[in-house]
Amino acid sequence: MNTMTKVEHTEHHGPAAGISRWFYTTNHKDIGTLYLWFSFAMFLTGGCMALMIRAELFQPGLQLIQPDFFNQMTTMHGLIMVFGAVMPAFVGLANWMLPMMVGAPDMALPRMNNWSFWILPFAFAMMLSTLFMDGGAPNFGWTFYAPLSTTYAPPSVTYFIFAVHMMGISSIMGAINIIATILNMRAPGMTMMKLPLFVWTWLITAFLLIAVMPVLAGVVTMMLMDIHFGTSFFNAAGGGDPVLFQHVFWFFGHPEVYIMILPAFGIVSEIIPTFARKRLFGYSSMVYATSSIAFLSFIVWAHHMFTVGLPLMGELFFMYATMLIAVPTGVKVFNWVATMFRGSMTFETPMLFAVAFVVLFTIGGFSGLMLAIAPADFQYHDTYFVVAHFHYVLVPGAVFAIMAGVYYWLPKWTGHYYPETMGKVHFWCSFVGVNLTFFPMHFIGLAGMPRRIPDYALQFADFNMVASIGAFIFGFSQLIFLVLIIKTIRGGSPATPEVWDEPEGLEWTIPSPAPYHTFTTPPEVK
Amino acid sequence: MKVTRLITLLISMSSVSHARAEWALNMPRGVTEISQSVFDLHMIIFWICVAIGVVVFGVMFWSIFHHRQSRGAKAHHFHENTFVEIIWTLVPFAILIAMAIPATATLVKMYDPSDADIDIQVTGYQWKWRYQYLGEDIDFFSNTTTPLEQINNEEEKGENYLLEVDNPLVIPAGKKVRFLITSVDVIHSWWVPDFAVKKDAIPGFINESWTNVPEPGIYRGQCTELCGKNHGFMPVVVDVRPQAEYELWVAQQKNIKAQEIASAKQSISMEELMTKGEAVYQTSCAACHQANGEGIPNVFPGLKNSPIATGDINQHIDIVLNGKTGSAMQAFREQLSAVDLAAVITYERNAWGNNMGDKVEPVAIDKLKVAAKQ
């Protein structure tokens, strides 16, 4: 297999030199790199906003920023982390790894791949520019509920709508590319049930993206019509329905949260077997569980809306359906634990992140199950308990899985091992920081602190202080990650093609660093 | 200060029996039958989650410890077992059914607002609540009373910092009270944790909820739906009184209303209008236009030297009474009495160097209010 990818092959038409390499590239590895760097830049930007929020909340009273700017920060933090950090990071990993995992030379539609990346920096430049506009940036939360976001919003909301449209277009193009690659470009012998799990989870995610991004586009277009063209989709005074906004938004928004976690399941399902030196337990039940989660994600959107005044039957339906998600999710967790059981485990940085993922994501899953119980949700809804819940599934969930993936594949990308001790320091700082930040939020949420408030009653002071300290620890430890990556790109001990002890998959059959072109002749899978 | 707070925190965390620790770590049990069954439900599910967590993480950490390469563990190459996979699909399913039964029962109880003794309409405004007692001629607004000096850290914070209002909702103990919840501008959410009542206030909708509080007392909550800049400053305070005291309060309210109507017919001195006007301005206008009348550039217009406050007086009165559609400027016609309106308009025209010398008479405003009703 290795002989198919001759090193000299890269010499006559390798990458162009200089900056134009990155602008015009159609190579999946270059585009993957672009996505990952973009995502990291956005992660730091959104992180700085989060730190501004946590700094203001360090003590009760208003000390650093005013409430209107606080709302702008919460809104931009949410939007940047969802659309700018987590999603592009997964797309970046997909671009780098999917062709190598299925034995394809590149993505199916390389020119479109270039487009789907380059739209993003422009979309986010436009979104961030709203911070400097009259009236400030969007200040209505990442869920931008109407009529706050239509009738009472600053004028910059129109730029926000256009930016969201561009992000949606980018995501859909990326998803089409991923589906086309996986369905059409698999190496001979690689049947669907032999796909690596990361590929499976991305295939399902891509279908979710195609299904729901147009819904998001629809809802922002309705907002645009309400703001500029005199319609009343969401304006009660004109016969519209503010709750319609929430139904449409969450029909997008709930599958969206699974878009941000399914690829993480895939990454962890690659890493745990490697470091347990065993095959993944229950491969086929993993595939079925992922598909069931994806299906269920479409029929539970109204659990975000238990307090809007749904009829009793509606509440019951959405409560039962939401609780059901715990079953396939539980199967996945049990399978990961069974994979570790009786393995021969080592704990390099990717494995540390993966194990932390399993534990902390499960804690986030438990609070999710509690939130599913409609009568109790009346107490939890829109409090810090919810903030704690979704940060547990998104930070030590999605973000830790992304970091695990980066550490896992970094030697393959760069040809160098990363400095292991530094990686472990990064892990432990992040782990402590994340838990200090988000665990106390459960307590202040249960005690009754609403989310998105710039100032709070005195009984919430202690835990807010702890959370703020944790946030700064977590935020600054990401600089270790940045330094580590730069160091690894520049040099380090050379990596073997396998990188780790006998990992499974086609990506480990090619040299490290992965040559610019791989698999010009498809490898045979037995 | 911070150190003492940290010490208090550590102490409160270490002693489980400490009342404050229980209160800060967990959901309040609340005072109503519903809030207590919600609390029980919360605890049942919490303990089930803890139990599952102990089992799953227990197995996991046992493997991490015993099956590590450094201890010489050799990998066993099993990777499938249909039987256990079926078991760990069915067992969680059964646990979920066990959880769903009490949850459904509680939800059904919460959804029964029938046979209420009192109906109160709760309306969300940016950023205050309006309480109208249906069938009684009682109607008032509830504004936060936490002074700006406390919020801006210029003064020591009070005991009920951010959870205090000028006019709390007053209800009788032991009676079923039905709330009809709506909004006039954006979506708010009316929440009192001790009653386990949380319902969104949505423009164009009337949501229903109810409570029956056995114990008199003062119960505090907050708006929980992001409703703009002052979302964090929109407390809900409910004063539950014994039946007799409640009836006394109702009588008082009617008295106050009658006095308001009478005073609207009288002329008031300029000085009195200015003092009253300043107080009204601080409660109802300063949140947006700022205490110094300068507004927030590009967000809320200032009043100092503004074309409205220094221009045609009728236009000024019109905008205060009827608001400005499509902006955050509300119609204050219903929110304030004729005297308060006259005072605040007079104040706005003469404060911060506006010096228009205009005096607005309560009678004139009263006429406009009456005319608008017809």
# chains A, B, ... in the order shown; residues from 1 in each chain; ligands from 1
$ interface_residues --of "chain A" --to "chain B" --cutoff "6 Å" --atoms "only C-alpha atoms" --output "PyMOL selection string"
chain A and resi 61-62+67-68+134-135+147-148+151+236+278-279+281-282+307-309+337+341-346+375-376+378+382+443+446-447+450+453+457
$ residues_around --residues "Ser269 (chain B)" --least-positions-apart "3" --cutoff "12 Å" --atoms "only C-alpha atoms" --output "PyMOL selection string"
chain B and resi 266+272-277+339+342-343+346+359-362
$ closest_residue --among "B:Ala279, B:Val237, B:Ile118, B:Ile317" --to "Thr144 (chain B)" --atoms "only C-alpha atoms"
B:Val237
$ residues_around --residues "Thr437 (chain A)" --least-positions-apart "3" --cutoff "7 Å" --atoms "only C-alpha atoms" --output "CSV table (one decimal) with C-alpha atoms, in the first residue's frame"
chain,number,residue,atom,x,y,z
A,433,GLY,CA,-10.1,25.0,34.6
A,434,VAL,CA,-13.1,23.5,32.9
A,440,PRO,CA,-20.3,25.5,40.3
A,466,VAL,CA,-14.9,30.3,41.7
A,467,ALA,CA,-16.3,30.0,38.1
A,468,SER,CA,-14.5,33.1,37.0
A,470,GLY,CA,-11.7,28.6,36.6
A,471,ALA,CA,-12.5,30.4,33.3
$ closest_residue --among "A:Thr25, A:Ser284, A:Thr158, A:Thr143" --to "Leu195 (chain A)" --atoms "only C-alpha atoms"
A:Ser284
$ atom_distance --atom1 "CA of Thr521 (chain A)" --atom2 "CA of Pro105 (chain A)"
8.1 Å
$ residues_around --residues "Phe140 (chain B)" --least-positions-apart "6" --cutoff "10 Å" --atoms "only C-alpha atoms" --output "ChimeraX atom specification"
/B:129-133,167-169,253,334-336
$ atom_distance --atom1 "CA of Leu216 (chain A)" --atom2 "CA of Trp250 (chain A)"
9.0 Å
$ atom_distance --atom1 "CA of Lys412 (chain A)" --atom2 "CA of Val525 (chain A)"
20.4 Å
$ select_by_dssp --residues "region 53-196 of chain B" --states "strand (DSSP E or B)" --output "ChimeraX atom specification"
/B:68,118-125,128-133,138-142,144,165,169-172,176-183,188-192
$ residues_around --residues "Gly47 (chain A)" --least-positions-apart "4" --cutoff "9 Å" --atoms "only C-alpha atoms" --output "PDB file with C-alpha atoms, in the first residue's frame"
ATOM      1  CA  MET A  42     -12.130  32.077  16.577  1.00  0.00           C
ATOM      2  CA  PHE A  43     -11.823  29.917  19.700  1.00  0.00           C
ATOM      3  CA  LEU A  51     -13.408  35.998  29.864  1.00  0.00           C
ATOM      4  CA  MET A  52     -14.895  39.460  29.660  1.00  0.00           C
ATOM      5  CA  HIS A  77     -19.438  34.501  22.339  1.00  0.00           C
ATOM      6  CA  MET A  81     -18.028  29.413  19.474  1.00  0.00           C
ATOM      7  CA  GLY A 475      -8.538  30.335  28.918  1.00  0.00           C
TER       8      GLY A 475
END
$ select_by_dssp --residues "region 17-115 of chain A" --states "helix (DSSP H, G or I)" --output "ChimeraX atom specification"
/A:19-24,28-56,67-102,110-115
$ decode --residues "region 53-83 of chain B" --atoms "N, CA and C atoms" --output "mmCIF file, in the first residue's frame"
data_model
loop_
_atom_site.group_PDB
_atom_site.id
_atom_site.type_symbol
_atom_site.label_atom_id
_atom_site.label_comp_id
_atom_site.auth_asym_id
_atom_site.auth_seq_id
_atom_site.Cartn_x
_atom_site.Cartn_y
_atom_site.Cartn_z
ATOM 1 N N GLY B 53 -23.931 6.858 37.473
ATOM 2 C CA GLY B 53 -22.577 7.400 37.378
ATOM 3 C C GLY B 53 -21.581 6.578 38.182
ATOM 4 N N VAL B 54 -21.969 6.217 39.385
ATOM 5 C CA VAL B 54 -21.056 5.448 40.238
ATOM 6 C C VAL B 54 -20.725 4.114 39.577
ATOM 7 N N VAL B 55 -21.752 3.449 39.019
ATOM 8 C CA VAL B 55 -21.511 2.151 38.386
ATOM 9 C C VAL B 55 -20.614 2.315 37.150
ATOM 10 N N VAL B 56 -21.004 3.219 36.248
ATOM 11 C CA VAL B 56 -20.276 3.336 34.981
ATOM 12 C C VAL B 56 -18.854 3.836 35.212
ATOM 13 N N PHE B 57 -18.734 4.937 35.973
ATOM 14 C CA PHE B 57 -17.389 5.464 36.202
ATOM 15 C C PHE B 57 -16.574 4.520 37.076
ATOM 16 N N GLY B 58 -17.263 3.780 37.946
ATOM 17 C CA GLY B 58 -16.571 2.802 38.774
ATOM 18 C C GLY B 58 -15.894 1.758 37.908
ATOM 19 N N VAL B 59 -16.656 1.183 36.969
ATOM 20 C CA VAL B 59 -16.080 0.178 36.063
ATOM 21 C C VAL B 59 -14.945 0.802 35.269
ATOM 22 N N MET B 60 -15.175 2.045 34.826
ATOM 23 C CA MET B 60 -14.189 2.708 33.989
ATOM 24 C C MET B 60 -12.879 2.932 34.756
ATOM 25 N N PHE B 61 -12.989 3.462 35.972
ATOM 26 C CA PHE B 61 -11.759 3.739 36.712
ATOM 27 C C PHE B 61 -11.089 2.451 37.175
ATOM 28 N N TRP B 62 -11.879 1.438 37.410
ATOM 29 C CA TRP B 62 -11.308 0.137 37.738
ATOM 30 C C TRP B 62 -10.463 -0.351 36.561
ATOM 31 N N SER B 63 -11.014 -0.199 35.328
ATOM 32 C CA SER B 63 -10.256 -0.614 34.139
ATOM 33 C C SER B 63 -9.016 0.246 33.984
ATOM 34 N N ILE B 64 -9.195 1.564 34.194
ATOM 35 C CA ILE B 64 -8.055 2.460 34.024
ATOM 36 C C ILE B 64 -6.932 2.046 34.969
ATOM 37 N N PHE B 65 -7.322 1.635 36.163
ATOM 38 C CA PHE B 65 -6.304 1.277 37.140
ATOM 39 C C PHE B 65 -5.711 -0.111 36.863
ATOM 40 N N HIS B 66 -6.584 -1.091 36.663
ATOM 41 C CA HIS B 66 -6.109 -2.474 36.558
ATOM 42 C C HIS B 66 -5.661 -2.894 35.172
ATOM 43 N N HIS B 67 -6.205 -2.255 34.159
ATOM 44 C CA HIS B 67 -5.906 -2.706 32.799
ATOM 45 C C HIS B 67 -4.960 -1.754 32.102
ATOM 46 N N ARG B 68 -4.025 -1.189 32.855
ATOM 47 C CA ARG B 68 -3.074 -0.303 32.190
ATOM 48 C C ARG B 68 -1.812 -1.059 31.840
ATOM 49 N N GLN B 69 -1.203 -0.634 30.739
ATOM 50 C CA GLN B 69 -0.048 -1.344 30.237
ATOM 51 C C GLN B 69 1.081 -1.355 31.257
ATOM 52 N N SER B 70 1.206 -0.244 31.993
ATOM 53 C CA SER B 70 2.313 -0.148 32.934
ATOM 54 C C SER B 70 2.190 -1.166 34.061
ATOM 55 N N ARG B 71 0.997 -1.726 34.250
ATOM 56 C CA ARG B 71 0.841 -2.793 35.241
ATOM 57 C C ARG B 71 0.913 -4.163 34.574
ATOM 58 N N GLY B 72 1.312 -4.145 33.314
ATOM 59 C CA GLY B 72 1.497 -5.402 32.593
ATOM 60 C C GLY B 72 0.215 -6.010 32.070
ATOM 61 N N ALA B 73 -0.842 -5.211 31.931
ATOM 62 C CA ALA B 73 -2.110 -5.754 31.430
ATOM 63 C C ALA B 73 -1.974 -6.133 29.954
ATOM 64 N N LYS B 74 -2.516 -7.276 29.609
ATOM 65 C CA LYS B 74 -2.548 -7.708 28.201
ATOM 66 C C LYS B 74 -3.974 -7.504 27.688
ATOM 67 N N ALA B 75 -4.075 -7.000 26.444
ATOM 68 C CA ALA B 75 -5.411 -6.726 25.916
ATOM 69 C C ALA B 75 -6.141 -8.021 25.588
ATOM 70 N N HIS B 76 -7.409 -8.115 26.014
ATOM 71 C CA HIS B 76 -8.275 -9.229 25.608
ATOM 72 C C HIS B 76 -8.997 -8.790 24.354
ATOM 73 N N HIS B 77 -9.060 -9.656 23.347
ATOM 74 C CA HIS B 77 -9.558 -9.136 22.073
ATOM 75 C C HIS B 77 -11.030 -9.417 21.808
ATOM 76 N N PHE B 78 -11.872 -9.274 22.813
ATOM 77 C CA PHE B 78 -13.324 -9.348 22.540
ATOM 78 C C PHE B 78 -13.782 -7.981 22.061
ATOM 79 N N HIS B 79 -14.747 -7.951 21.147
ATOM 80 C CA HIS B 79 -15.225 -6.634 20.729
ATOM 81 C C HIS B 79 -16.702 -6.658 20.362
ATOM 82 N N GLU B 80 -17.400 -7.631 20.821
ATOM 83 C CA GLU B 80 -18.839 -7.668 20.558
ATOM 84 C C GLU B 80 -19.482 -8.637 21.537
ATOM 85 N N ASN B 81 -20.703 -8.336 21.906
ATOM 86 C CA ASN B 81 -21.470 -9.278 22.713
ATOM 87 C C ASN B 81 -22.915 -8.832 22.646
ATOM 88 N N THR B 82 -23.638 -9.460 21.738
ATOM 89 C CA THR B 82 -25.001 -9.012 21.461
ATOM 90 C C THR B 82 -25.856 -8.991 22.717
ATOM 91 N N PHE B 83 -25.634 -9.997 23.585
ATOM 92 C CA PHE B 83 -26.465 -10.076 24.785
ATOM 93 C C PHE B 83 -26.295 -8.838 25.662
#
